[in-house]
Amino acid sequence: MTATDPAAAPVRIFDTTLRDGEQAPGISLDAKEKLEIAEQLARLGVDVIEAGFPITSAGDTAAVHGIAEAVGTQVWNEAETPPTIAALARCHPADITRAAESLAPATHSRIHVFLSTSEIHRHVLHHGASEDAIVNQAVEGIKQALEFTPDVEFSPQDATRTDVEFLKRIVDAAVEAGATTVNIPDTVGYAIPHDFGAMIGDIVRRVGPEVAVSVHCHNDLGLAVANSIEAVRNGATQVEVAVNGIGERAGNCAMEEVVMALATRADLLARPTRVNTREIGRTSRLVSTLTGYPVQFNKAVVGKNAFAHESGIHQHGVLQDRLTYEIMDAEAVGMVGSQIVLGKHSGRHAFSQQLTDMGYELTAEETQRAFERFKGLADKKVELTDADLEAIVADEISATSEEAYELEGLEVSGGTVGQPTATVRVRRTADDVVLEESVSGDGNGMVDAACGAIRRAIGSDATLVNFNVAAVTKGIDALGDVTVQVDVDGQRYTGRGVSTDVVEASARAFLSALNRSVRLQRVRATTETP
Ligand code: KIV
Ligand code: ZN
């Protein structure tokens, strides 16, 4: 294989964290958070950012437009061109028009049209539509999308459970209609690597070198990465991924795993990517904090323990030579230990310079709010690390200047021995009224009492459905990082709070979820996601 061999060309990384990833239960990112993640994906160097599914809501339309404008028109990394911004659309005229309008500002835009092809999906989702009807609808959709952009991707949903002859027919029709990428989704994570690889090999030979063949693997059997790698080995030129593997049900092919498999086993695979692996750690942390989806400790590449060595023999081996037990370099994937960066004597200038060095571009107002939080925390915790600053910034990104409620004060007493009591003061920003309530817990502890007091103060019947607390850094004085999911009228919302005090972090997280519910209810529209 030579450097000019097309088989050695970089695999395109199509990131769908902001579309399929966001479809994971309880994740509801607003436009600002999506933009922040899109900017980081651009720094990471993915080739395509699927920014959303615009027809599903006015909020998603605005988010995709904002990303197309701010991210899709700039160069972010060594690639000399802005990333392609993609939007999903069913093969329906209104979906495609909305996707096109949302993508309009981007230098390179892609419309990703899909419809279901397996028998069960056609029966359940397309009123039993015939194969002929599905082919016609796909062709019409692709042709309409091509009126807006020359870059059109077509996905036959549930491809791996679709009759093989019909799959070939619809792929041929899509190529004939002008699709430039044919994506083969393993929608329900049903594929097995060797079989999937053979299927992709057939499609690659069928469509020829002018059409990109992509795969989109779900992880229901834990095989999404293996299936994607096998597809690449058989000629796929694009892999669809999500950061930390988030997505519908068991999630999507994990970006960090597939990228690092291709990089680490370049000796076997010889298919590089354009990803700057040093940005992987930060991207993973940002997505985790903004979505509220924690990363499991033993997660490949980005888990807390991915580079930790516990047994004496392992520690001894690594101290002698890291390669004894490590196949990747923690630094090369941005997973090195936190550095102490600032303390309570650090001024605003040093603080904002540090954020700039870490790659954040905050507005003056966001910087001011983050600085105030930093000062408050630095007073309690003498030194803050880069991981602490990332947590503060992520917390501030989630907050907006127009939050419905602000936490003004929290006092708790009692606890494990006495009856827990919490008093909160919450400012309702619309009329600047401070609402104060106290709750004496019924034995469920101080966090429960604090959330109960907030609920009572703002008159909400939200229920806490998930609660997760993690330490940002090591040590007894670590910041507590709390993420919660609350149920408001049958919808789940995520919130996050950071503080040296776990009860305060919990109250902040609870209130931020309630603020998010207010915000998103304002922009929520009626259509369903697929
Ligand atoms: O899983 C799937 O089939 C999808 C399509 C919309 C590509 O997400
Ligand atoms: Zn999917």
# chains A, B, ... in the order shown; residues from 1 in each chain; ligands from 1

$ residues_near_ligand --ligand "ligand 2" --cutoff "7 Å" --atoms "only C-alpha atoms and all ligand atoms" --output "list in words"
Asp20, Pro185, Thr187, His216, His218, Glu248 and Asn252 of chain A

$ residues_around --residues "segment 349-356 of chain A" --least-positions-apart "2" --cutoff "10 Å" --atoms "only C-alpha atoms" --output "PyMOL selection string"
chain A and resi 341-343+345-347+358-362+364+367-368+370-371+374-375+386+389-390+393

$ atom_distance --atom1 "atom CA of Phe510 of chain A" --atom2 "atom CA of Tyr293 of chain A"
15.2 Å

$ select_by_dssp --residues "segment 4-230 of chain A" --states "alpha helix (DSSP H)" --output "ChimeraX atom specification"
/A:31-44,58-70,93-103,119-125,131-146,164-177,193-207,224-230

$ residues_near_ligand --ligand "ligand 1" --cutoff "10 Å" --atoms "only C-alpha atoms and all ligand atoms" --output "PyMOL selection string"
chain A and resi 16+19-21+23+53+88-90+112-116+153-160+183-189+215-218+240+247-248+251-252+529-530

$ write_last_selection --atoms "N, CA, C and O atoms" --output "short mmCIF file (atom, residue, chain, number, x, y, z; two decimals), in the first residue's frame"
data_model
loop_
_atom_site.label_atom_id
_atom_site.label_comp_id
_atom_site.auth_asym_id
_atom_site.auth_seq_id
_atom_site.Cartn_x
_atom_site.Cartn_y
_atom_site.Cartn_z
N THR A 16 -22.07 12.73 15.08
CA THR A 16 -23.51 12.95 15.27
C THR A 16 -23.89 13.13 16.75
O THR A 16 -25.03 12.93 17.15
N ARG A 19 -26.86 15.27 17.17
CA ARG A 19 -28.14 14.82 16.61
C ARG A 19 -28.52 13.47 17.22
O ARG A 19 -29.34 13.41 18.12
N ASP A 20 -27.85 12.39 16.83
CA ASP A 20 -28.22 11.09 17.40
C ASP A 20 -27.85 11.06 18.89
O ASP A 20 -28.60 10.55 19.72
N GLY A 21 -26.70 11.64 19.23
CA GLY A 21 -26.27 11.67 20.63
C GLY A 21 -27.30 12.37 21.48
O GLY A 21 -27.64 11.93 22.59
N GLN A 23 -30.33 12.43 21.07
CA GLN A 23 -31.57 11.66 21.20
C GLN A 23 -31.53 10.69 22.37
O GLN A 23 -32.51 10.00 22.65
N PHE A 53 -31.52 18.10 13.78
CA PHE A 53 -32.63 17.61 12.96
C PHE A 53 -33.64 18.76 12.96
O PHE A 53 -34.58 18.80 13.76
N LEU A 88 -30.13 16.63 9.52
CA LEU A 88 -30.94 15.46 9.17
C LEU A 88 -32.33 15.89 8.69
O LEU A 88 -32.87 16.88 9.17
N ALA A 89 -32.87 15.12 7.75
CA ALA A 89 -34.22 15.39 7.25
C ALA A 89 -34.84 14.07 6.80
O ALA A 89 -34.14 13.23 6.24
N ARG A 90 -36.12 13.89 7.09
CA ARG A 90 -36.81 12.76 6.47
C ARG A 90 -36.97 13.10 4.99
O ARG A 90 -36.79 14.25 4.59
N HIS A 112 -28.70 15.37 5.05
CA HIS A 112 -28.70 13.93 5.28
C HIS A 112 -30.15 13.47 5.29
O HIS A 112 -30.87 13.74 6.25
N VAL A 113 -30.57 12.82 4.20
CA VAL A 113 -31.96 12.36 4.14
C VAL A 113 -32.03 10.88 4.45
O VAL A 113 -31.12 10.12 4.13
N PHE A 114 -33.10 10.48 5.09
CA PHE A 114 -33.24 9.06 5.43
C PHE A 114 -34.69 8.64 5.32
O PHE A 114 -35.60 9.47 5.38
N LEU A 115 -34.88 7.34 5.12
CA LEU A 115 -36.18 6.74 5.34
C LEU A 115 -35.98 5.25 5.57
O LEU A 115 -34.90 4.72 5.30
N SER A 116 -36.99 4.61 6.13
CA SER A 116 -36.81 3.22 6.58
C SER A 116 -37.03 2.24 5.45
O SER A 116 -37.95 2.40 4.64
N GLU A 153 -26.37 13.13 1.60
CA GLU A 153 -26.17 11.78 2.14
C GLU A 153 -27.53 11.09 2.25
O GLU A 153 -28.50 11.71 2.68
N PHE A 154 -27.55 9.82 1.87
CA PHE A 154 -28.80 9.06 1.98
C PHE A 154 -28.61 7.88 2.91
O PHE A 154 -27.63 7.15 2.81
N SER A 155 -29.57 7.67 3.83
CA SER A 155 -29.53 6.53 4.75
C SER A 155 -30.79 5.69 4.65
O SER A 155 -31.89 6.21 4.92
N PRO A 156 -30.66 4.41 4.30
CA PRO A 156 -31.81 3.50 4.40
C PRO A 156 -31.88 2.98 5.83
O PRO A 156 -31.10 2.11 6.23
N GLN A 157 -32.80 3.54 6.60
CA GLN A 157 -32.81 3.22 8.04
C GLN A 157 -33.11 1.73 8.25
O GLN A 157 -33.93 1.15 7.55
N ASP A 158 -32.45 1.15 9.23
CA ASP A 158 -32.56 -0.27 9.57
C ASP A 158 -32.03 -1.14 8.42
O ASP A 158 -32.56 -2.22 8.13
N ALA A 159 -30.95 -0.66 7.81
CA ALA A 159 -30.37 -1.35 6.64
C ALA A 159 -30.01 -2.80 6.96
O ALA A 159 -30.17 -3.69 6.11
N THR A 160 -29.51 -3.05 8.16
CA THR A 160 -29.01 -4.40 8.45
C THR A 160 -30.14 -5.41 8.65
O THR A 160 -29.88 -6.61 8.72
N ASN A 183 -25.04 6.03 3.33
CA ASN A 183 -24.75 5.62 4.70
C ASN A 183 -25.54 4.36 5.02
O ASN A 183 -26.74 4.30 4.76
N ILE A 184 -24.85 3.36 5.58
CA ILE A 184 -25.54 2.11 5.93
C ILE A 184 -25.70 2.07 7.45
O ILE A 184 -24.75 1.78 8.18
N PRO A 185 -26.91 2.38 7.93
CA PRO A 185 -27.09 2.39 9.38
C PRO A 185 -27.43 1.00 9.93
O PRO A 185 -28.30 0.33 9.41
N ASP A 186 -26.71 0.64 10.98
CA ASP A 186 -27.11 -0.54 11.75
C ASP A 186 -27.94 0.02 12.90
O ASP A 186 -27.50 0.11 14.05
N THR A 187 -29.15 0.41 12.55
CA THR A 187 -30.01 1.21 13.42
C THR A 187 -30.25 0.56 14.78
O THR A 187 -30.35 1.25 15.80
N VAL A 188 -30.37 -0.76 14.80
CA VAL A 188 -30.70 -1.42 16.06
C VAL A 188 -29.53 -2.24 16.60
O VAL A 188 -29.71 -3.09 17.47
N GLY A 189 -28.34 -1.98 16.08
CA GLY A 189 -27.15 -2.65 16.61
C GLY A 189 -27.18 -4.15 16.45
O GLY A 189 -26.78 -4.90 17.35
N VAL A 215 -20.78 4.27 7.42
CA VAL A 215 -21.51 3.37 8.32
C VAL A 215 -21.91 4.12 9.59
O VAL A 215 -21.23 5.05 10.01
N HIS A 216 -23.02 3.68 10.15
CA HIS A 216 -23.60 4.34 11.33
C HIS A 216 -24.04 3.20 12.24
O HIS A 216 -25.11 2.63 12.05
N CYS A 217 -23.18 2.83 13.21
CA CYS A 217 -23.45 1.62 13.98
C CYS A 217 -23.91 1.94 15.39
O CYS A 217 -23.25 2.69 16.12
N HIS A 218 -25.01 1.33 15.77
CA HIS A 218 -25.48 1.44 17.16
C HIS A 218 -24.89 0.29 17.98
O HIS A 218 -24.41 -0.70 17.44
N GLU A 240 -19.65 7.12 11.17
CA GLU A 240 -20.46 8.05 11.99
C GLU A 240 -20.27 7.69 13.46
O GLU A 240 -20.34 6.52 13.85
N GLY A 247 -26.10 8.21 22.52
CA GLY A 247 -27.08 8.10 21.43
C GLY A 247 -28.26 7.27 21.85
O GLY A 247 -28.38 6.87 23.01
N GLU A 248 -29.14 7.00 20.89
CA GLU A 248 -30.33 6.20 21.17
C GLU A 248 -29.95 4.90 21.90
O GLU A 248 -28.96 4.26 21.55
N GLY A 251 -26.51 3.56 22.54
CA GLY A 251 -25.65 4.59 21.96
C GLY A 251 -25.07 4.24 20.60
O GLY A 251 -25.44 3.25 19.97
N ASN A 252 -24.17 5.13 20.17
CA ASN A 252 -23.54 5.04 18.85
C ASN A 252 -22.10 4.58 18.97
O ASN A 252 -21.55 4.53 20.07
N THR A 529 -38.97 13.04 16.89
CA THR A 529 -37.71 12.57 16.31
C THR A 529 -37.89 11.13 15.88
O THR A 529 -38.75 10.44 16.39
N PRO A 530 -37.04 10.63 14.92
CA PRO A 530 -37.25 9.26 14.45
C PRO A 530 -36.78 8.26 15.49
O PRO A 530 -35.95 8.59 16.32
#

$ closest_atom_pairs --of "segment 235-283 of chain A" --to "segment 319-337 of chain A" --cutoff "6 Å" --atoms "only C-alpha atoms" --output "CSV"
residue,atom,partner,partner_atom,distance
A:Thr277,CA,A:Val333,CA,5.0
A:Arg278,CA,A:Val333,CA,4.4
A:Glu279,CA,A:Gly334,CA,5.8
A:Ile280,CA,A:Val333,CA,5.4
A:Gly281,CA,A:Gly334,CA,4.5

$ closest_atom_pairs --of "segment 316-402 of chain A" --to "segment 287-290 of chain A" --cutoff "9 Å" --atoms "only C-alpha atoms" --output "Markdown table"
| residue | atom | partner | partner_atom | distance |
| --- | --- | --- | --- | --- |
| A:Ala391 | CA | A:Thr289 | CA | 7.5 |
| A:Ala394 | CA | A:Thr289 | CA | 6.5 |
| A:Asp395 | CA | A:Leu290 | CA | 7.9 |
| A:Ile397 | CA | A:Leu290 | CA | 8.3 |
| A:Ser398 | CA | A:Leu290 | CA | 6.9 |

$ closest_residue --among "A:Asp30, A:Glu147, A:Asp15, A:Glu210" --to "Ala51 of chain A" --atoms "only C-alpha atoms"
A:Asp15

$ residues_around --residues "segment 44-49 of chain A" --least-positions-apart "2" --cutoff "10 Å" --atoms "only C-alpha atoms" --output "PyMOL selection string"
chain A and resi 11-19+38-42+51-52+67-68+71-72+75-79+81-87+108-110+238+240-241+255+273-283

$ atom_distance --atom1 "atom CA of Gly201 of chain A" --atom2 "atom CA of Val243 of chain A"
26.2 Å

$ residues_around --residues "Gln296 of chain A" --least-positions-apart "3" --cutoff "12 Å" --atoms "only C-alpha atoms" --output "list in words"
Asn244, Gly245, Ile246, Ser284, Arg285, Ser288, Tyr293, Lys299, Ala300, Val301, Val302, Gly303, Lys304, Asn305, Ala306, Asn468 and Ala470 of chain A

$ residues_around --residues "Leu262 of chain A" --least-positions-apart "5" --cutoff "8 Å" --atoms "only C-alpha atoms" --output "number ranges by chain"
A: 229, 269-273

$ select_by_dssp --residues "segment 147-266 of chain A" --states "strand (DSSP E or B)" --output "PyMOL selection string"
chain A and resi 152-157+181-186+212-218+238-242+252+254

$ residues_around --residues "Ala471 of chain A" --least-positions-apart "3" --cutoff "6 Å" --atoms "only C-alpha atoms" --output "PDB file with all heavy atoms, in the first residue's frame"
ATOM      1  N   ALA A 478     -11.771  18.445  46.823  1.00  0.00           N
ATOM      2  CA  ALA A 478     -12.204  18.470  45.419  1.00  0.00           C
ATOM      3  C   ALA A 478     -13.569  19.135  45.278  1.00  0.00           C
ATOM      4  O   ALA A 478     -14.393  19.090  46.190  1.00  0.00           O
ATOM      5  CB  ALA A 478     -12.283  17.042  44.884  1.00  0.00           C
ATOM      6  N   LEU A 479     -13.792  19.735  44.121  1.00  0.00           N
ATOM      7  CA  LEU A 479     -15.123  20.276  43.830  1.00  0.00           C
ATOM      8  C   LEU A 479     -16.077  19.109  43.615  1.00  0.00           C
ATOM      9  O   LEU A 479     -15.730  18.135  42.954  1.00  0.00           O
ATOM     10  CB  LEU A 479     -15.097  21.081  42.529  1.00  0.00           C
ATOM     11  CG  LEU A 479     -14.399  22.434  42.504  1.00  0.00           C
ATOM     12  CD1 LEU A 479     -14.652  23.099  41.155  1.00  0.00           C
ATOM     13  CD2 LEU A 479     -14.930  23.327  43.609  1.00  0.00           C
ATOM     14  N   GLY A 480     -17.281  19.243  44.161  1.00  0.00           N
ATOM     15  CA  GLY A 480     -18.323  18.247  43.890  1.00  0.00           C
ATOM     16  C   GLY A 480     -19.041  18.656  42.621  1.00  0.00           C
ATOM     17  O   GLY A 480     -19.409  19.820  42.439  1.00  0.00           O
ATOM     18  N   ASP A 481     -19.221  17.714  41.720  1.00  0.00           N
ATOM     19  CA  ASP A 481     -19.838  17.978  40.421  1.00  0.00           C
ATOM     20  C   ASP A 481     -21.097  17.115  40.358  1.00  0.00           C
ATOM     21  O   ASP A 481     -21.016  15.899  40.248  1.00  0.00           O
ATOM     22  CB  ASP A 481     -18.818  17.569  39.349  1.00  0.00           C
ATOM     23  CG  ASP A 481     -19.292  17.863  37.953  1.00  0.00           C
ATOM     24  OD1 ASP A 481     -20.460  18.229  37.781  1.00  0.00           O
ATOM     25  OD2 ASP A 481     -18.479  17.715  37.024  1.00  0.00           O
TER      26      ASP A 481
END

$ closest_residue --among "A:Arg205, A:Arg169, A:Arg492, A:His123" --to "Val139 of chain A" --atoms "only C-alpha atoms"
A:Arg169

$ residues_around --residues "segment 514-521 of chain A" --least-positions-apart "4" --cutoff "7 Å" --atoms "only C-alpha atoms" --output "MDAnalysis selection string"
chainID A and resid 403:405 493 510

$ atom_distance --atom1 "atom CA of Val64 of chain A" --atom2 "atom CA of Asn466 of chain A"
28.7 Å

$ decode --residues "segment 355-371 of chain A" --atoms "N, CA, C and O atoms" --output "tab-separated table (two decimals), in the first residue's frame"
chain	number	residue	atom	x	y	z
A	355	LEU	N	-8.36	30.80	30.53
A	355	LEU	CA	-9.47	30.23	29.75
A	355	LEU	C	-9.13	30.26	28.26
A	355	LEU	O	-9.39	29.30	27.54
A	356	THR	N	-8.52	31.37	27.82
A	356	THR	CA	-8.15	31.47	26.40
A	356	THR	C	-7.14	30.37	26.06
A	356	THR	O	-7.26	29.68	25.05
A	357	ASP	N	-6.14	30.19	26.95
A	357	ASP	CA	-5.13	29.15	26.70
A	357	ASP	C	-5.77	27.77	26.63
A	357	ASP	O	-5.28	26.88	25.94
A	358	MET	N	-6.86	27.59	27.37
A	358	MET	CA	-7.51	26.28	27.38
A	358	MET	C	-8.47	26.13	26.19
A	358	MET	O	-9.13	25.11	26.04
A	359	GLY	N	-8.57	27.18	25.37
A	359	GLY	CA	-9.37	27.07	24.14
A	359	GLY	C	-10.79	27.59	24.27
A	359	GLY	O	-11.59	27.41	23.37
A	360	TYR	N	-11.13	28.24	25.40
A	360	TYR	CA	-12.49	28.75	25.53
A	360	TYR	C	-12.60	30.17	25.00
A	360	TYR	O	-11.71	30.99	25.24
A	361	GLU	N	-13.70	30.44	24.32
A	361	GLU	CA	-13.96	31.81	23.87
A	361	GLU	C	-15.28	32.22	24.50
A	361	GLU	O	-16.33	31.86	23.99
A	362	LEU	N	-15.21	32.91	25.62
A	362	LEU	CA	-16.43	33.31	26.30
A	362	LEU	C	-16.72	34.77	26.02
A	362	LEU	O	-15.81	35.56	25.77
A	363	THR	N	-17.99	35.14	26.11
A	363	THR	CA	-18.34	36.55	25.98
A	363	THR	C	-17.89	37.26	27.27
A	363	THR	O	-17.59	36.60	28.27
A	364	ALA	N	-17.90	38.61	27.22
A	364	ALA	CA	-17.48	39.37	28.40
A	364	ALA	C	-18.37	39.02	29.59
A	364	ALA	O	-17.90	38.84	30.72
A	365	GLU	N	-19.67	38.88	29.31
A	365	GLU	CA	-20.62	38.58	30.39
A	365	GLU	C	-20.37	37.19	30.97
A	365	GLU	O	-20.38	36.98	32.19
A	366	GLU	N	-20.12	36.21	30.08
A	366	GLU	CA	-19.86	34.85	30.56
A	366	GLU	C	-18.55	34.81	31.36
A	366	GLU	O	-18.46	34.15	32.40
A	367	THR	N	-17.55	35.55	30.87
A	367	THR	CA	-16.27	35.57	31.58
A	367	THR	C	-16.48	36.17	32.98
A	367	THR	O	-15.95	35.66	33.97
A	368	GLN	N	-17.26	37.23	33.05
A	368	GLN	CA	-17.51	37.88	34.33
A	368	GLN	C	-18.20	36.91	35.30
A	368	GLN	O	-17.79	36.77	36.45
A	369	ARG	N	-19.23	36.22	34.80
A	369	ARG	CA	-19.95	35.28	35.67
A	369	ARG	C	-19.03	34.15	36.11
A	369	ARG	O	-19.02	33.76	37.27
A	370	ALA	N	-18.23	33.63	35.15
A	370	ALA	CA	-17.32	32.54	35.50
A	370	ALA	C	-16.28	33.02	36.50
A	370	ALA	O	-15.91	32.30	37.43
A	371	PHE	N	-15.84	34.28	36.36
A	371	PHE	CA	-14.83	34.82	37.27
A	371	PHE	C	-15.40	34.94	38.69
A	371	PHE	O	-14.74	34.61	39.68
